[in-house]
$ cat data.txt   # compact mmCIF, N, CA and C atoms and all ligand atoms
# COMPACT_ATOMS: atom_id res chain seq x y z
N MET A 3 0.83 -1.21 0.00
CA MET A 3 0.00 0.00 0.00
C MET A 3 0.86 1.25 0.00
N LYS A 4 1.90 1.20 0.84
CA LYS A 4 2.75 2.39 0.96
C LYS A 4 3.49 2.67 -0.35
N LYS A 5 3.87 1.55 -1.00
CA LYS A 5 4.60 1.70 -2.27
C LYS A 5 3.71 2.36 -3.33
N ARG A 6 2.44 1.94 -3.33
CA ARG A 6 1.48 2.49 -4.30
C ARG A 6 1.26 3.99 -4.07
N ALA A 7 1.19 4.36 -2.81
CA ALA A 7 1.01 5.78 -2.47
C ALA A 7 2.21 6.59 -2.94
N MET A 8 3.37 5.99 -2.78
CA MET A 8 4.62 6.65 -3.20
C MET A 8 4.63 6.85 -4.71
N GLN A 9 4.18 5.80 -5.44
CA GLN A 9 4.12 5.88 -6.90
C GLN A 9 3.16 6.99 -7.34
N MET A 10 2.02 7.07 -6.67
CA MET A 10 1.04 8.11 -7.00
C MET A 10 1.64 9.50 -6.76
N PHE A 11 2.38 9.60 -5.67
CA PHE A 11 2.98 10.87 -5.31
C PHE A 11 4.00 11.32 -6.38
N VAL A 12 4.83 10.37 -6.80
CA VAL A 12 5.83 10.67 -7.83
C VAL A 12 5.14 11.03 -9.15
N PHE A 13 4.10 10.29 -9.48
CA PHE A 13 3.35 10.53 -10.71
C PHE A 13 2.74 11.94 -10.71
N ALA A 14 2.15 12.30 -9.57
CA ALA A 14 1.55 13.63 -9.45
C ALA A 14 2.62 14.71 -9.58
N GLY A 15 3.80 14.43 -9.01
CA GLY A 15 4.90 15.39 -9.08
C GLY A 15 5.36 15.61 -10.52
N VAL A 16 5.47 14.51 -11.25
CA VAL A 16 5.89 14.60 -12.66
C VAL A 16 4.87 15.39 -13.46
N LEU A 17 3.60 15.12 -13.21
CA LEU A 17 2.53 15.85 -13.91
C LEU A 17 2.63 17.34 -13.63
N MET A 18 2.89 17.67 -12.37
CA MET A 18 2.93 19.08 -11.97
C MET A 18 4.10 19.81 -12.65
N ILE A 19 5.25 19.11 -12.68
CA ILE A 19 6.43 19.71 -13.32
C ILE A 19 6.16 19.94 -14.81
N ALA A 20 5.54 18.93 -15.45
CA ALA A 20 5.23 19.05 -16.88
C ALA A 20 4.27 20.20 -17.12
N ALA A 21 3.27 20.31 -16.24
CA ALA A 21 2.26 21.36 -16.41
C ALA A 21 2.86 22.75 -16.23
N LEU A 22 3.79 22.86 -15.28
CA LEU A 22 4.38 24.16 -14.98
C LEU A 22 5.46 24.57 -15.99
N SER A 23 6.30 23.62 -16.39
CA SER A 23 7.43 23.97 -17.25
C SER A 23 6.98 24.12 -18.71
N GLY A 24 5.96 23.41 -19.12
CA GLY A 24 5.50 23.46 -20.50
C GLY A 24 5.17 24.87 -20.96
N PRO A 25 4.17 25.50 -20.37
CA PRO A 25 3.77 26.85 -20.80
C PRO A 25 4.90 27.87 -20.64
N LEU A 26 5.69 27.74 -19.58
CA LEU A 26 6.80 28.69 -19.37
C LEU A 26 7.82 28.58 -20.48
N ALA A 27 8.13 27.33 -20.86
CA ALA A 27 9.13 27.12 -21.91
C ALA A 27 8.64 27.70 -23.23
N TRP A 28 7.33 27.57 -23.49
CA TRP A 28 6.81 28.07 -24.76
C TRP A 28 6.70 29.59 -24.77
N ALA A 29 6.43 30.16 -23.61
CA ALA A 29 6.23 31.60 -23.55
C ALA A 29 7.54 32.35 -23.80
N HIS A 30 8.66 31.69 -23.52
CA HIS A 30 9.95 32.34 -23.67
C HIS A 30 10.31 32.42 -25.16
N ASP A 31 10.44 33.63 -25.68
CA ASP A 31 10.64 33.81 -27.11
C ASP A 31 12.12 33.77 -27.48
N GLU A 32 12.62 32.60 -27.76
CA GLU A 32 14.00 32.47 -28.21
C GLU A 32 14.10 33.00 -29.64
N PRO A 33 15.15 33.77 -29.95
CA PRO A 33 15.29 34.22 -31.33
C PRO A 33 15.45 33.02 -32.27
N GLN A 34 14.83 33.15 -33.42
CA GLN A 34 14.94 32.11 -34.44
C GLN A 34 16.25 32.34 -35.17
N ARG A 35 17.08 31.31 -35.31
CA ARG A 35 18.38 31.44 -35.93
C ARG A 35 18.31 30.94 -37.37
N ILE A 36 18.65 31.82 -38.31
CA ILE A 36 18.56 31.44 -39.72
C ILE A 36 19.92 31.66 -40.36
N GLU A 37 20.45 30.60 -40.95
CA GLU A 37 21.77 30.70 -41.58
C GLU A 37 21.63 30.83 -43.08
N ILE A 38 22.34 31.79 -43.63
CA ILE A 38 22.36 31.94 -45.08
C ILE A 38 23.81 32.04 -45.56
N THR A 39 24.01 31.59 -46.76
CA THR A 39 25.35 31.65 -47.35
C THR A 39 25.35 32.68 -48.46
N ALA A 40 26.34 33.54 -48.46
CA ALA A 40 26.49 34.52 -49.54
C ALA A 40 27.64 34.08 -50.43
N HIS A 41 27.38 34.08 -51.72
CA HIS A 41 28.44 33.78 -52.68
C HIS A 41 28.16 34.57 -53.94
N ARG A 42 29.15 34.72 -54.80
CA ARG A 42 28.94 35.44 -56.06
C ARG A 42 27.99 34.65 -56.97
N PHE A 43 26.78 35.09 -57.33
CA PHE A 43 26.18 36.37 -56.97
C PHE A 43 24.79 36.11 -56.44
N ALA A 44 24.72 35.42 -55.32
CA ALA A 44 23.42 35.08 -54.75
C ALA A 44 23.53 34.78 -53.26
N PHE A 45 22.38 34.82 -52.60
CA PHE A 45 22.29 34.34 -51.23
C PHE A 45 21.57 32.99 -51.28
N ASN A 46 21.95 32.10 -50.41
CA ASN A 46 21.34 30.78 -50.37
C ASN A 46 20.96 30.41 -48.93
N PRO A 47 19.66 30.28 -48.60
CA PRO A 47 18.52 30.47 -49.49
C PRO A 47 18.36 31.93 -49.91
N GLY A 48 17.60 32.14 -50.97
CA GLY A 48 17.42 33.48 -51.49
C GLY A 48 16.28 34.24 -50.83
N GLU A 49 15.43 33.48 -50.08
CA GLU A 49 14.34 34.15 -49.37
C GLU A 49 13.94 33.36 -48.14
N ILE A 50 13.42 34.06 -47.15
CA ILE A 50 12.97 33.42 -45.92
C ILE A 50 11.62 34.02 -45.53
N THR A 51 10.90 33.29 -44.70
CA THR A 51 9.64 33.79 -44.14
C THR A 51 9.75 33.80 -42.63
N VAL A 52 9.46 34.94 -42.03
CA VAL A 52 9.55 35.07 -40.57
C VAL A 52 8.25 35.67 -40.04
N LYS A 53 8.08 35.58 -38.72
CA LYS A 53 6.85 36.09 -38.11
C LYS A 53 7.08 37.47 -37.52
N LYS A 54 6.11 38.33 -37.70
CA LYS A 54 6.15 39.66 -37.11
C LYS A 54 6.23 39.54 -35.59
N GLY A 55 7.14 40.29 -34.99
CA GLY A 55 7.28 40.29 -33.53
C GLY A 55 8.19 39.21 -32.99
N GLN A 56 8.59 38.27 -33.84
CA GLN A 56 9.45 37.17 -33.40
C GLN A 56 10.91 37.52 -33.73
N PRO A 57 11.77 37.63 -32.70
CA PRO A 57 13.16 37.99 -32.97
C PRO A 57 13.87 36.96 -33.84
N VAL A 58 14.72 37.46 -34.72
CA VAL A 58 15.44 36.60 -35.67
C VAL A 58 16.92 36.94 -35.60
N ILE A 59 17.74 35.92 -35.63
CA ILE A 59 19.18 36.13 -35.79
C ILE A 59 19.56 35.62 -37.17
N LEU A 60 20.02 36.54 -38.02
CA LEU A 60 20.50 36.16 -39.34
C LEU A 60 21.99 35.89 -39.25
N VAL A 61 22.40 34.70 -39.63
CA VAL A 61 23.82 34.36 -39.65
C VAL A 61 24.23 34.25 -41.11
N ILE A 62 25.15 35.11 -41.52
CA ILE A 62 25.56 35.12 -42.92
C ILE A 62 27.00 34.63 -43.03
N LYS A 63 27.16 33.62 -43.87
CA LYS A 63 28.50 33.09 -44.11
C LYS A 63 28.89 33.41 -45.54
N SER A 64 30.11 33.85 -45.72
CA SER A 64 30.59 34.09 -47.07
C SER A 64 31.34 32.86 -47.57
N ALA A 65 30.97 32.41 -48.77
CA ALA A 65 31.63 31.25 -49.35
C ALA A 65 32.80 31.67 -50.23
N ASP A 66 32.94 32.99 -50.48
CA ASP A 66 34.06 33.43 -51.30
C ASP A 66 34.58 34.80 -50.84
N VAL A 67 34.16 35.84 -51.54
CA VAL A 67 34.68 37.18 -51.25
C VAL A 67 33.81 37.88 -50.20
N ALA A 68 34.16 39.12 -49.87
CA ALA A 68 33.36 39.88 -48.92
C ALA A 68 32.01 40.25 -49.53
N HIS A 69 30.97 40.18 -48.70
CA HIS A 69 29.63 40.55 -49.11
C HIS A 69 28.99 41.38 -47.99
N GLY A 70 27.79 41.84 -48.28
CA GLY A 70 27.04 42.56 -47.26
C GLY A 70 25.56 42.32 -47.49
N LEU A 71 24.76 42.79 -46.57
CA LEU A 71 23.31 42.70 -46.74
C LEU A 71 22.67 43.92 -46.08
N ARG A 72 21.91 44.66 -46.90
CA ARG A 72 21.29 45.87 -46.36
C ARG A 72 19.81 45.90 -46.72
N PHE A 73 19.00 46.12 -45.69
CA PHE A 73 17.56 46.36 -45.86
C PHE A 73 17.26 47.74 -45.31
N HIS A 74 16.78 48.62 -46.17
CA HIS A 74 16.44 49.95 -45.68
C HIS A 74 15.26 49.88 -44.70
N ASP A 75 14.28 49.00 -45.01
CA ASP A 75 13.04 48.98 -44.24
C ASP A 75 13.11 48.19 -42.95
N LEU A 76 14.13 47.36 -42.79
CA LEU A 76 14.19 46.49 -41.61
C LEU A 76 15.33 46.88 -40.68
N ASN A 77 16.00 47.98 -40.99
CA ASN A 77 17.11 48.43 -40.17
C ASN A 77 18.21 47.37 -40.05
N ILE A 78 18.54 46.78 -41.19
CA ILE A 78 19.60 45.77 -41.23
C ILE A 78 20.70 46.27 -42.16
N ASN A 79 21.91 46.24 -41.66
CA ASN A 79 23.05 46.59 -42.48
C ASN A 79 24.24 45.83 -41.92
N ILE A 80 24.65 44.80 -42.64
CA ILE A 80 25.67 43.91 -42.10
C ILE A 80 26.68 43.61 -43.19
N LYS A 81 27.93 43.47 -42.78
CA LYS A 81 28.98 43.13 -43.74
C LYS A 81 29.68 41.88 -43.26
N VAL A 82 30.07 41.05 -44.21
CA VAL A 82 30.79 39.83 -43.86
C VAL A 82 32.05 39.75 -44.72
N GLY A 83 33.18 39.49 -44.08
CA GLY A 83 34.45 39.44 -44.79
C GLY A 83 34.60 38.18 -45.62
N ALA A 84 35.60 38.14 -46.47
CA ALA A 84 35.85 36.97 -47.31
C ALA A 84 35.99 35.72 -46.46
N GLY A 85 35.14 34.72 -46.73
CA GLY A 85 35.19 33.46 -46.00
C GLY A 85 34.72 33.56 -44.56
N GLY A 86 34.23 34.70 -44.16
CA GLY A 86 33.87 34.93 -42.76
C GLY A 86 32.41 34.71 -42.45
N THR A 87 32.06 34.97 -41.21
CA THR A 87 30.68 34.83 -40.74
C THR A 87 30.32 36.08 -39.94
N ALA A 88 29.11 36.54 -40.12
CA ALA A 88 28.62 37.69 -39.35
C ALA A 88 27.18 37.44 -38.99
N GLU A 89 26.72 38.03 -37.90
CA GLU A 89 25.31 37.85 -37.56
C GLU A 89 24.69 39.14 -37.07
N VAL A 90 23.39 39.24 -37.28
CA VAL A 90 22.65 40.42 -36.88
C VAL A 90 21.30 39.97 -36.35
N GLN A 91 20.87 40.60 -35.27
CA GLN A 91 19.55 40.26 -34.72
C GLN A 91 18.58 41.39 -35.01
N PHE A 92 17.36 41.02 -35.39
CA PHE A 92 16.33 42.03 -35.60
C PHE A 92 14.97 41.43 -35.29
N THR A 93 14.02 42.30 -35.04
CA THR A 93 12.64 41.87 -34.79
C THR A 93 11.74 42.61 -35.76
N PRO A 94 11.20 41.90 -36.77
CA PRO A 94 10.34 42.58 -37.74
C PRO A 94 9.10 43.13 -37.06
N ASP A 95 8.79 44.42 -37.27
CA ASP A 95 7.64 45.03 -36.61
C ASP A 95 6.52 45.36 -37.58
N LYS A 96 6.69 44.95 -38.85
CA LYS A 96 5.61 45.13 -39.81
C LYS A 96 5.62 43.98 -40.80
N THR A 97 4.43 43.64 -41.29
CA THR A 97 4.35 42.55 -42.26
C THR A 97 4.63 43.10 -43.66
N GLY A 98 4.97 42.18 -44.56
CA GLY A 98 5.22 42.59 -45.94
C GLY A 98 6.38 41.82 -46.53
N ASP A 99 6.70 42.14 -47.77
CA ASP A 99 7.83 41.54 -48.47
C ASP A 99 8.93 42.57 -48.59
N PHE A 100 10.12 42.23 -48.14
CA PHE A 100 11.22 43.18 -48.14
C PHE A 100 12.39 42.61 -48.96
N VAL A 101 13.00 43.48 -49.72
CA VAL A 101 14.12 43.04 -50.56
C VAL A 101 15.40 43.72 -50.09
N GLY A 102 16.38 42.90 -49.73
CA GLY A 102 17.67 43.42 -49.32
C GLY A 102 18.67 43.23 -50.44
N HIS A 103 19.71 44.05 -50.42
CA HIS A 103 20.73 43.98 -51.46
C HIS A 103 22.10 43.76 -50.84
N CYS A 104 22.96 43.13 -51.62
CA CYS A 104 24.34 43.03 -51.19
C CYS A 104 24.91 44.45 -51.14
N SER A 105 25.62 44.76 -50.06
CA SER A 105 26.09 46.13 -49.86
C SER A 105 27.60 46.28 -50.04
N VAL A 106 28.25 45.22 -50.47
CA VAL A 106 29.69 45.29 -50.73
C VAL A 106 29.91 44.87 -52.18
N PHE A 107 30.53 45.73 -52.96
CA PHE A 107 30.72 45.38 -54.37
C PHE A 107 31.55 44.10 -54.48
N CYS A 108 30.98 43.09 -55.19
CA CYS A 108 31.64 41.80 -55.23
C CYS A 108 31.85 41.28 -56.65
N GLY A 109 31.57 42.12 -57.64
CA GLY A 109 31.83 41.68 -59.00
C GLY A 109 30.70 42.04 -59.95
N SER A 110 30.73 41.43 -61.14
CA SER A 110 29.82 41.82 -62.21
C SER A 110 28.35 41.61 -61.89
N GLY A 111 28.03 40.58 -61.06
CA GLY A 111 26.63 40.29 -60.77
C GLY A 111 26.15 40.91 -59.47
N HIS A 112 26.96 41.77 -58.90
CA HIS A 112 26.66 42.36 -57.60
C HIS A 112 25.29 43.03 -57.56
N GLY A 113 24.95 43.77 -58.64
CA GLY A 113 23.71 44.53 -58.66
C GLY A 113 22.46 43.68 -58.56
N SER A 114 22.56 42.41 -58.95
CA SER A 114 21.37 41.54 -58.92
C SER A 114 21.39 40.60 -57.73
N MET A 115 22.27 40.86 -56.79
CA MET A 115 22.39 39.97 -55.62
C MET A 115 21.42 40.42 -54.53
N THR A 116 20.26 39.77 -54.48
CA THR A 116 19.21 40.20 -53.54
C THR A 116 18.79 39.06 -52.62
N PHE A 117 18.15 39.45 -51.54
CA PHE A 117 17.66 38.50 -50.55
C PHE A 117 16.31 38.99 -50.06
N LYS A 118 15.29 38.09 -50.10
CA LYS A 118 13.94 38.52 -49.74
C LYS A 118 13.53 38.01 -48.37
N VAL A 119 12.90 38.89 -47.62
CA VAL A 119 12.34 38.51 -46.33
C VAL A 119 10.83 38.74 -46.37
N HIS A 120 10.06 37.68 -46.17
CA HIS A 120 8.61 37.80 -46.08
C HIS A 120 8.25 37.81 -44.60
N VAL A 121 7.59 38.86 -44.17
CA VAL A 121 7.16 38.94 -42.78
C VAL A 121 5.65 38.73 -42.73
N VAL A 122 5.25 37.70 -41.98
CA VAL A 122 3.82 37.36 -41.88
C VAL A 122 3.34 37.51 -40.43
N ASP A 123 2.03 37.57 -40.25
CA ASP A 123 1.44 37.70 -38.91
C ASP A 123 1.48 36.37 -38.17
CU CU A 201 28.01 42.25 -53.75

$ encode --input "data.txt" --output "structure tokens" --more "lines below"
Ligand SMILES: [Cu+2]
Amino acid sequence: MKKRAMQMFVFAGVLMIAALSGPLAWAHDEPQRIEITAHRFAFNPGEITVKKGQPVILVIKSADVAHGLRFHDLNINIKVGAGGTAEVQFTPDKTGDFVGHCSVFCGSGHGSMTFKVHVVD
């Protein structure tokens, strides 16, 4: 009998921990980490979709020469050295489609090197 009571007690404890930690863990807004690779003359992936109000960390890796990424509307301006990695955190505060451009001249196709961010509700 005593053993059964002990089992019930442990079971109730586990349930309580699950009930308490579950909602707390979900409520905590960890930034979403998105890795992109920049190379002549494209970003890979070329577009991403993120949620309005959800913090995002963009990690940009260069596969060759120096590149950059600038969005006038999202307050993003980041440069990454040749073969290097750089990251920037931002929280989109409006929905829409935004087009960023490479901000470091990297060759003949530089002008068409774009990256799209779709911000949804
Ligand atoms: Cu460029």

$ residues_near_ligand --input "data.txt" --ligand "ligand CU 201 (chain A)" --cutoff "6.5 Å" --atoms "all atoms listed in the file" --output "count of residues only"
13

$ axis_aligned_box --input "data.txt" --around "region 39-43 of chain A" --padding-each-side "8 Å" --output "AutoDock Vina command-line options"
--center_x 26.6 --center_y 34.0 --center_z -52.0 --size_x 21.1 --size_y 20.8 --size_z 26.6

$ residues_around --input "data.txt" --residues "Gly102 (chain A)" --least-positions-apart "4" --cutoff "12 Å" --atoms "only C-alpha atoms" --output "list in words"
Ala44, Phe45, Gly48, Glu49, Ile50, Gly70, Leu71, Arg72, Phe73, His74, Asp75, Leu76, Asn77, Ile78, Asn79, Ile80, Gly113, Ser114, Met115, Thr116, Phe117, Lys118, Val119 and His120 of chain A

$ select_by_dssp --input "data.txt" --residues "chain A" --states "strand (DSSP E or B)" --output "ChimeraX atom specification"
/A:34-41,44-46,49-53,58-64,69-73,78-82,87-92,98-103,116-122

$ residues_around --input "data.txt" --residues "region 87-95 of chain A" --least-positions-apart "4" --cutoff "5 Å" --atoms "only N, CA and C atoms" --output "ChimeraX atom specification"
/A:54-63

$ select_by_dssp --input "data.txt" --residues "region 9-122 of chain A" --states "alpha helix (DSSP H)" --output "PyMOL selection string"
chain A and resi 9-29

$ write_last_selection --input "data.txt" --atoms "N, CA and C atoms" --output "compact mmCIF listing (two decimals), in the frame of the given file"
# COMPACT_ATOMS: atom_id res chain seq x y z
N GLN A 9 4.18 5.80 -5.44
CA GLN A 9 4.12 5.88 -6.90
C GLN A 9 3.16 6.99 -7.34
N MET A 10 2.02 7.07 -6.67
CA MET A 10 1.04 8.11 -7.00
C MET A 10 1.64 9.50 -6.76
N PHE A 11 2.38 9.60 -5.67
CA PHE A 11 2.98 10.87 -5.31
C PHE A 11 4.00 11.32 -6.38
N VAL A 12 4.83 10.37 -6.80
CA VAL A 12 5.83 10.67 -7.83
C VAL A 12 5.14 11.03 -9.15
N PHE A 13 4.10 10.29 -9.48
CA PHE A 13 3.35 10.53 -10.71
C PHE A 13 2.74 11.94 -10.71
N ALA A 14 2.15 12.30 -9.57
CA ALA A 14 1.55 13.63 -9.45
C ALA A 14 2.62 14.71 -9.58
N GLY A 15 3.80 14.43 -9.01
CA GLY A 15 4.90 15.39 -9.08
C GLY A 15 5.36 15.61 -10.52
N VAL A 16 5.47 14.51 -11.25
CA VAL A 16 5.89 14.60 -12.66
C VAL A 16 4.87 15.39 -13.46
N LEU A 17 3.60 15.12 -13.21
CA LEU A 17 2.53 15.85 -13.91
C LEU A 17 2.63 17.34 -13.63
N MET A 18 2.89 17.67 -12.37
CA MET A 18 2.93 19.08 -11.97
C MET A 18 4.10 19.81 -12.65
N ILE A 19 5.25 19.11 -12.68
CA ILE A 19 6.43 19.71 -13.32
C ILE A 19 6.16 19.94 -14.81
N ALA A 20 5.54 18.93 -15.45
CA ALA A 20 5.23 19.05 -16.88
C ALA A 20 4.27 20.20 -17.12
N ALA A 21 3.27 20.31 -16.24
CA ALA A 21 2.26 21.36 -16.41
C ALA A 21 2.86 22.75 -16.23
N LEU A 22 3.79 22.86 -15.28
CA LEU A 22 4.38 24.16 -14.98
C LEU A 22 5.46 24.57 -15.99
N SER A 23 6.30 23.62 -16.39
CA SER A 23 7.43 23.97 -17.25
C SER A 23 6.98 24.12 -18.71
N GLY A 24 5.96 23.41 -19.12
CA GLY A 24 5.50 23.46 -20.50
C GLY A 24 5.17 24.87 -20.96
N PRO A 25 4.17 25.50 -20.37
CA PRO A 25 3.77 26.85 -20.80
C PRO A 25 4.90 27.87 -20.64
N LEU A 26 5.69 27.74 -19.58
CA LEU A 26 6.80 28.69 -19.37
C LEU A 26 7.82 28.58 -20.48
N ALA A 27 8.13 27.33 -20.86
CA ALA A 27 9.13 27.12 -21.91
C ALA A 27 8.64 27.70 -23.23
N TRP A 28 7.33 27.57 -23.49
CA TRP A 28 6.81 28.07 -24.76
C TRP A 28 6.70 29.59 -24.77
N ALA A 29 6.43 30.16 -23.61
CA ALA A 29 6.23 31.60 -23.55
C ALA A 29 7.54 32.35 -23.80

$ atom_distance --input "data.txt" --atom1 "CA of Asp66 (chain A)" --atom2 "atom N of Ile38 (chain A)"
14.1 Å

$ closest_residue --input "data.txt" --among "A:Ala65, A:Ile36, A:Met10, A:Val52" --to "Gly85 (chain A)" --atoms "only N, CA and C atoms"
A:Ala65

$ atom_distance --input "data.txt" --atom1 "CA of Arg35 (chain A)" --atom2 "atom C of Thr51 (chain A)"
11.2 Å

$ atom_distance --input "data.txt" --atom1 "atom C of Val101 (chain A)" --atom2 "atom N of Asn46 (chain A)"
13.3 Å
